[in-house]
file final_3.cif (mmCIF, C-alpha atoms)
data_coords
#
loop_
_atom_site.label_atom_id
_atom_site.label_comp_id
_atom_site.auth_asym_id
_atom_site.auth_seq_id
_atom_site.Cartn_x
_atom_site.Cartn_y
_atom_site.Cartn_z
CA MET T 27 9.08 7.25 -27.31
CA GLY T 28 7.99 4.31 -25.13
CA ARG T 29 7.19 4.70 -21.46
CA ARG T 30 10.14 2.49 -20.44
CA THR T 31 12.57 4.66 -22.43
CA LEU T 32 11.00 7.84 -21.11
CA PHE T 33 11.32 6.70 -17.50
CA ALA T 34 14.90 5.59 -17.98
CA GLY T 35 15.86 8.91 -19.54
CA ALA T 36 14.14 10.88 -16.82
CA ALA T 37 15.85 8.84 -14.14
CA SER T 38 19.26 9.39 -15.73
CA LEU T 39 18.71 13.15 -15.91
CA ALA T 40 17.52 13.26 -12.33
CA LEU T 41 20.55 11.38 -11.07
CA ALA T 42 22.91 13.50 -13.12
CA GLY T 43 21.33 16.67 -11.78
CA CYS T 44 21.65 15.44 -8.21
CA ALA T 45 25.22 14.16 -8.47
CA ALA T 46 27.27 14.83 -5.35
CA THR T 47 30.33 17.04 -5.46
CA ASP T 48 31.90 15.19 -2.53
CA THR T 49 34.00 12.33 -3.93
CA THR T 50 33.88 10.55 -0.57
CA LEU T 51 30.10 10.27 -0.82
CA ARG T 52 30.29 9.02 -4.41
CA ALA T 53 32.55 6.20 -3.28
CA VAL T 54 30.03 4.86 -0.75
CA PRO T 55 27.67 2.07 -1.99
CA VAL T 56 24.22 3.54 -2.52
CA ALA T 57 21.18 2.47 -0.52
CA THR T 58 22.99 -0.47 1.01
CA ALA T 59 21.86 -1.09 4.57
CA SER T 60 24.11 -2.68 7.17
CA GLU T 61 22.78 -6.12 6.18
CA GLY T 62 23.57 -5.61 2.48
CA TYR T 63 21.21 -4.74 -0.36
CA PRO T 64 18.48 -7.38 -0.82
CA GLY T 65 18.57 -7.60 -4.59
CA SER T 66 16.16 -10.50 -5.15
CA PRO T 67 12.39 -10.54 -4.57
CA LYS T 68 12.75 -13.13 -1.81
CA ALA T 69 15.56 -11.30 -0.04
CA ALA T 70 13.62 -8.02 -0.16
CA PHE T 71 10.45 -9.73 1.08
CA ASP T 72 12.32 -11.44 3.92
CA ARG T 73 13.87 -8.11 4.94
CA LEU T 74 10.46 -6.44 5.10
CA MET T 75 8.82 -9.25 7.04
CA ALA T 76 11.69 -9.37 9.54
CA GLY T 77 11.07 -5.67 10.10
CA ASN T 78 7.37 -6.32 10.65
CA ARG T 79 8.19 -8.96 13.26
CA ARG T 80 10.28 -6.36 15.09
CA TRP T 81 7.34 -3.94 14.90
CA ILE T 82 4.98 -6.53 16.39
CA THR T 83 7.27 -7.34 19.31
CA GLY T 84 8.63 -3.84 19.90
CA ALA T 85 12.23 -4.92 19.23
CA LEU T 86 12.74 -2.06 16.76
CA GLN T 87 16.11 -1.34 15.19
CA HIS T 88 15.23 1.94 13.43
CA PRO T 89 17.89 1.11 10.80
CA ASP T 90 19.60 3.70 8.61
CA ARG T 91 18.06 6.77 10.19
CA ASP T 92 21.06 9.00 10.84
CA PRO T 93 23.02 11.86 9.24
CA THR T 94 25.52 9.48 7.61
CA ARG T 95 22.75 7.64 5.79
CA ARG T 96 21.23 10.96 4.73
CA GLU T 97 24.57 12.11 3.28
CA VAL T 98 25.11 8.85 1.39
CA LEU T 99 21.67 9.06 -0.18
CA ALA T 100 22.08 12.69 -1.20
CA ALA T 101 23.76 11.49 -4.40
CA LYS T 102 21.22 8.85 -5.46
CA GLN T 103 18.93 6.14 -4.14
CA LYS T 104 18.22 2.47 -4.71
CA PRO T 105 15.22 1.35 -2.63
CA TYR T 106 14.64 -2.39 -2.43
CA GLY T 107 10.85 -2.22 -2.10
CA VAL T 108 7.74 -0.39 -3.27
CA VAL T 109 4.74 -0.19 -0.93
CA LEU T 110 1.30 0.94 -2.07
CA SER T 111 -0.79 1.46 1.04
CA CYS T 112 -3.74 3.42 2.37
CA ILE T 113 -3.54 7.02 3.60
CA ASP T 114 -4.57 5.88 7.10
CA SER T 115 -2.39 7.53 9.76
CA ARG T 116 -2.11 4.25 11.68
CA VAL T 117 -0.38 2.38 8.87
CA PRO T 118 2.88 4.14 7.95
CA PRO T 119 4.86 1.55 5.94
CA GLU T 120 8.27 2.80 7.12
CA LEU T 121 7.25 2.06 10.72
CA VAL T 122 5.21 -1.08 10.08
CA PHE T 123 8.27 -2.66 8.41
CA ASP T 124 10.89 -0.92 10.61
CA THR T 125 12.80 0.42 7.61
CA GLY T 126 15.16 3.33 7.15
CA LEU T 127 15.89 6.22 4.85
CA GLY T 128 16.19 5.12 1.23
CA ASP T 129 14.69 1.65 1.73
CA LEU T 130 11.22 2.10 0.25
CA PHE T 131 9.28 3.90 -2.44
CA VAL T 132 5.93 4.59 -0.76
CA MET T 133 2.63 5.53 -2.42
CA ARG T 134 -0.45 6.08 -0.25
CA THR T 135 -3.99 6.49 -1.57
CA GLY T 136 -7.43 6.04 -0.04
CA GLY T 137 -8.20 2.33 -0.05
CA GLN T 138 -5.16 1.63 -2.27
CA ALA T 139 -7.08 3.16 -5.16
CA ILE T 140 -5.02 3.25 -8.33
CA GLY T 141 -5.08 5.14 -11.61
CA PRO T 142 -2.48 5.97 -14.28
CA VAL T 143 -0.40 8.32 -12.12
CA VAL T 144 -0.35 5.94 -9.15
CA THR T 145 0.41 2.94 -11.34
CA GLY T 146 3.23 4.86 -13.01
CA SER T 147 4.63 5.77 -9.61
CA VAL T 148 4.56 2.11 -8.55
CA GLU T 149 6.25 1.10 -11.80
CA TYR T 150 9.04 3.66 -11.46
CA GLY T 151 11.35 1.68 -9.14
CA PRO T 152 11.09 -1.72 -10.85
CA MET T 153 11.28 -0.26 -14.37
CA THR T 154 14.11 2.22 -13.89
CA GLY T 155 16.15 0.86 -11.00
CA GLY T 156 15.41 -2.84 -10.70
CA THR T 157 13.50 -2.61 -7.41
CA PRO T 158 12.62 -6.29 -6.82
CA LEU T 159 9.49 -6.08 -4.66
CA ILE T 160 6.07 -4.42 -4.65
CA VAL T 161 3.72 -4.79 -1.68
CA VAL T 162 0.07 -3.73 -1.89
CA LEU T 163 -0.91 -3.23 1.75
CA GLY T 164 -4.52 -3.00 2.88
CA HIS T 165 -5.54 -2.77 6.52
CA GLN T 166 -8.15 -3.61 9.11
CA ARG T 167 -11.10 -1.22 9.56
CA CYS T 168 -10.31 0.85 6.47
CA GLY T 169 -12.39 4.04 6.51
CA ALA T 170 -12.01 4.60 2.77
CA VAL T 171 -13.30 1.12 2.00
CA GLU T 172 -16.19 1.52 4.44
CA ALA T 173 -17.18 4.85 2.86
CA ALA T 174 -17.02 3.39 -0.64
CA TYR T 175 -18.99 0.31 0.39
CA THR T 176 -21.74 2.43 1.97
CA ALA T 177 -21.91 4.82 -0.99
CA LEU T 178 -22.25 1.98 -3.48
CA LYS T 179 -24.68 -0.01 -1.34
CA ASP T 180 -26.96 2.99 -0.77
CA GLY T 181 -26.51 4.47 -4.24
CA LYS T 182 -25.43 7.82 -2.80
CA PRO T 183 -22.31 9.30 -4.45
CA LEU T 184 -19.75 10.96 -2.19
CA PRO T 185 -18.99 14.66 -2.67
CA GLY T 186 -16.18 16.05 -4.79
CA ASN T 187 -13.27 13.86 -5.79
CA LEU T 188 -14.09 11.35 -3.06
CA GLN T 189 -16.35 9.71 -5.62
CA SER T 190 -13.29 8.84 -7.71
CA ILE T 191 -12.12 6.63 -4.85
CA VAL T 192 -15.55 4.99 -4.75
CA GLU T 193 -15.38 4.20 -8.46
CA ALA T 194 -11.85 2.82 -8.16
CA LEU T 195 -13.07 0.45 -5.45
CA ARG T 196 -16.21 -0.64 -7.33
CA PRO T 197 -14.72 -3.95 -8.60
CA ALA T 198 -13.84 -4.93 -5.01
CA TYR T 199 -17.37 -4.02 -3.91
CA GLU T 200 -18.90 -6.13 -6.66
CA ALA T 201 -16.70 -9.10 -5.76
CA THR T 202 -17.74 -8.72 -2.13
CA THR T 203 -21.47 -8.60 -2.87
CA ARG T 204 -21.21 -11.67 -5.10
CA GLU T 205 -19.42 -13.58 -2.37
CA GLY T 206 -21.50 -12.51 0.60
CA SER T 207 -19.79 -11.94 3.93
CA ALA T 208 -20.52 -11.45 7.60
CA ASP T 209 -17.91 -8.66 7.58
CA PRO T 210 -18.18 -7.01 4.16
CA ILE T 211 -15.73 -4.18 4.92
CA GLU T 212 -12.85 -6.53 5.71
CA THR T 213 -13.81 -8.76 2.78
CA MET T 214 -13.92 -5.78 0.43
CA THR T 215 -10.55 -4.55 1.69
CA LYS T 216 -8.94 -7.89 0.95
CA HIS T 217 -10.57 -8.02 -2.47
CA GLN T 218 -9.25 -4.55 -3.22
CA VAL T 219 -5.72 -5.56 -2.24
CA THR T 220 -5.72 -8.76 -4.27
CA LEU T 221 -7.34 -7.17 -7.32
CA THR T 222 -4.80 -4.34 -7.26
CA ALA T 223 -1.88 -6.72 -6.86
CA ASP T 224 -3.21 -8.91 -9.68
CA ALA T 225 -3.54 -5.87 -11.95
CA LEU T 226 0.03 -4.76 -11.26
CA ARG T 227 1.41 -8.27 -11.55
CA GLY T 228 -0.20 -8.75 -14.93
CA ASN T 229 0.27 -5.39 -16.60
CA GLY T 230 2.28 -5.05 -19.77
CA ASP T 231 5.32 -3.45 -18.16
CA LEU T 232 5.63 -5.26 -14.84
CA GLY T 233 4.39 -8.64 -16.05
CA PRO T 234 7.61 -9.59 -17.86
CA LEU T 235 9.66 -8.76 -14.77
CA VAL T 236 7.41 -10.99 -12.68
CA THR T 237 7.68 -13.80 -15.24
CA ASP T 238 11.48 -13.52 -15.19
CA LYS T 239 11.40 -13.64 -11.36
CA LYS T 240 13.09 -10.25 -11.15
CA LEU T 241 10.04 -8.81 -9.40
CA ALA T 242 7.40 -10.05 -6.96
CA VAL T 243 4.07 -8.33 -6.30
CA VAL T 244 2.69 -9.24 -2.88
CA ALA T 245 -0.87 -8.63 -1.66
CA ALA T 246 -0.89 -8.09 2.12
CA TYR T 247 -3.21 -7.07 4.94
CA TYR T 248 -2.28 -5.22 8.13
CA SER T 249 -3.96 -5.78 11.49
CA LEU T 250 -4.43 -2.61 13.52
CA ASP T 251 -4.96 -4.78 16.60
CA THR T 252 -1.71 -6.77 16.45
CA GLY T 253 0.56 -4.89 14.03
CA GLU T 254 0.98 -8.04 11.96
CA VAL T 255 1.20 -8.04 8.16
CA GLU T 256 -0.60 -11.05 6.70
CA VAL T 257 0.32 -12.11 3.18
CA LEU T 258 -2.71 -12.81 1.02
CA ASN T 259 -0.84 -13.92 -2.10
CA GLY T 260 2.33 -13.43 -4.10
CA THR T 261 4.95 -14.61 -1.60
CA PRO T 262 8.22 -14.89 -3.59
CA GLY T 263 9.79 -18.35 -3.66
#
call {"tool": "encode", "arguments": {"input": "final_3.cif", "output": "structure tokens"}}
result
Amino acid sequence: MGRRTLFAGAASLALAGCAATDTTLRAVPVATASEGYPGSPKAAFDRLMAGNRRWITGALQHPDRDPTRREVLAAKQKPYGVVLSCIDSRVPPELVFDTGLGDLFVMRTGGQAIGPVVTGSVEYGPMTGGTPLIVVLGHQRCGAVEAAYTALKDGKPLPGNLQSIVEALRPAYEATTREGSADPIETMTKHQVTLTADALRGNGDLGPLVTDKKLAVVAAYYSLDTGEVEVLNGTPG
């Protein structure tokens, strides 16, 4: 059985098992915010970036964070975006983009490190529910990137499973050392984001969706100082 079929079957079983008994809830459109569901990559991207502008200025709306929204989503969900970000406590995607319940699938790993389980989790929304946008979000002064950079530069492995993060970030480290930089940590962070986005954009399952313009994979960088999300590449047209 192929992975696409397996995911689709699992999603169908999960939705069936979580079906609401309240017919009123079943009649309500799922995961549709007050502005309407942004079903295209560009519409989803524009929604996220509008939320980030609100975060920067403090004009937050805190959309879809109430008991009614919770009850609607009890039956099923249809997020419009996937965000792969760092574990850093200062960069919660739901706040950075001023989103609500049911808007985003969020994966968080040290330095946006990926492996089969993380990649599969990122793929879940686009492959089973048509989620039109993936954002890989790195950030300023990333501790995981700094630790990996130092470990690789000094040739001193980190203890336990922390070394698996170091190895996942090795390609970004190598790109940084080849390039040379006055600020290697920020350079390595941006390399990690773009390499990860490129890998997702070009993999065998997501690539066809990107080619058909049903999905965009955006590489982005968050400033701790200003709250602004800078797009590095992949802006949907």
call {"tool": "resolve_selection", "arguments": {"input": "final_3.cif", "expression": "the PyMOL selection byres ((chain T and resi 241-253) around 6)", "output": "ChimeraX atom specification"}}
result
/T:67,82,158-166,219-220,223,227,235-236,239-240,254-262
call {"tool": "atom_distance", "arguments": {"input": "final_3.cif", "atom1": "CA of Gln218 (chain T)", "atom2": "CA of Gly84 (chain T)"}}
result
29.2 Å
call {"tool": "residues_around", "arguments": {"input": "final_3.cif", "residues": "Thr135 (chain T)", "least_positions_apart": "3", "cutoff": "10 Å", "atoms": "only C-alpha atoms", "output": "PyMOL selection string"}}
result
chain T and resi 110-114+138-140+144+170+191
call {"tool": "resolve_selection", "arguments": {"input": "final_3.cif", "expression": "the PyMOL selection byres ((chain T and resi 124) around 9)", "output": "tab-separated table (two decimals) with C-alpha atoms, in the coordinates of the input"}}
result
chain	number	residue	atom	x	y	z
T	74	LEU	CA	10.46	-6.44	5.10
T	76	ALA	CA	11.69	-9.37	9.54
T	77	GLY	CA	11.07	-5.67	10.10
T	78	ASN	CA	7.37	-6.32	10.65
T	79	ARG	CA	8.19	-8.96	13.26
T	80	ARG	CA	10.28	-6.36	15.09
T	81	TRP	CA	7.34	-3.94	14.90
T	86	LEU	CA	12.74	-2.06	16.76
T	87	GLN	CA	16.11	-1.34	15.19
T	88	HIS	CA	15.23	1.94	13.43
T	89	PRO	CA	17.89	1.11	10.80
T	119	PRO	CA	4.86	1.55	5.94
T	120	GLU	CA	8.27	2.80	7.12
T	121	LEU	CA	7.25	2.06	10.72
T	122	VAL	CA	5.21	-1.08	10.08
T	123	PHE	CA	8.27	-2.66	8.41
T	125	THR	CA	12.80	0.42	7.61
T	126	GLY	CA	15.16	3.33	7.15
call {"tool": "closest_residue", "arguments": {"input": "final_3.cif", "among": "T:Leu221, T:Ala173, T:Val148, T:Ile211", "to": "Arg134 (chain T)", "atoms": "only C-alpha atoms"}}
result
T:Val148
call {"tool": "atom_distance", "arguments": {"input": "final_3.cif", "atom1": "CA of Asn229 (chain T)", "atom2": "CA of Leu178 (chain T)"}}
result
27.1 Å
call {"tool": "resolve_selection", "arguments": {"input": "final_3.cif", "expression": "the PyMOL selection byres ((chain T and resi 99) around 9)", "output": "PyMOL selection string"}}
result
chain T and resi 51+56-57+94-98+100-104+127-128
call {"tool": "closest_residue", "arguments": {"input": "final_3.cif", "among": "T:Leu130, T:Met75, T:Leu232, T:Ala177", "to": "Asp90 (chain T)", "atoms": "all atoms listed in the file"}}
result
T:Leu130
call {"tool": "atom_distance", "arguments": {"input": "final_3.cif", "atom1": "CA of Glu212 (chain T)", "atom2": "CA of Gly136 (chain T)"}}
result
14.8 Å
call {"tool": "closest_residue", "arguments": {"input": "final_3.cif", "among": "T:Gly181, T:Gly263, T:Pro64, T:Pro93", "to": "Glu193 (chain T)", "atoms": "all atoms listed in the file"}}
result
T:Gly181
call {"tool": "closest_residue", "arguments": {"input": "final_3.cif", "among": "T:Ala85, T:Val109, T:Ala198, T:Leu188", "to": "Phe71 (chain T)", "atoms": "all atoms listed in the file"}}
result
T:Val109
call {"tool": "residues_near_point", "arguments": {"input": "final_3.cif", "point": "(-6.7, -0.9, -12.1)", "cutoff": "8 Å", "atoms": "all atoms listed in the file", "output": "VMD selection string"}}
result
chain T and resid 140 to 141 194 221 to 222 225 to 226
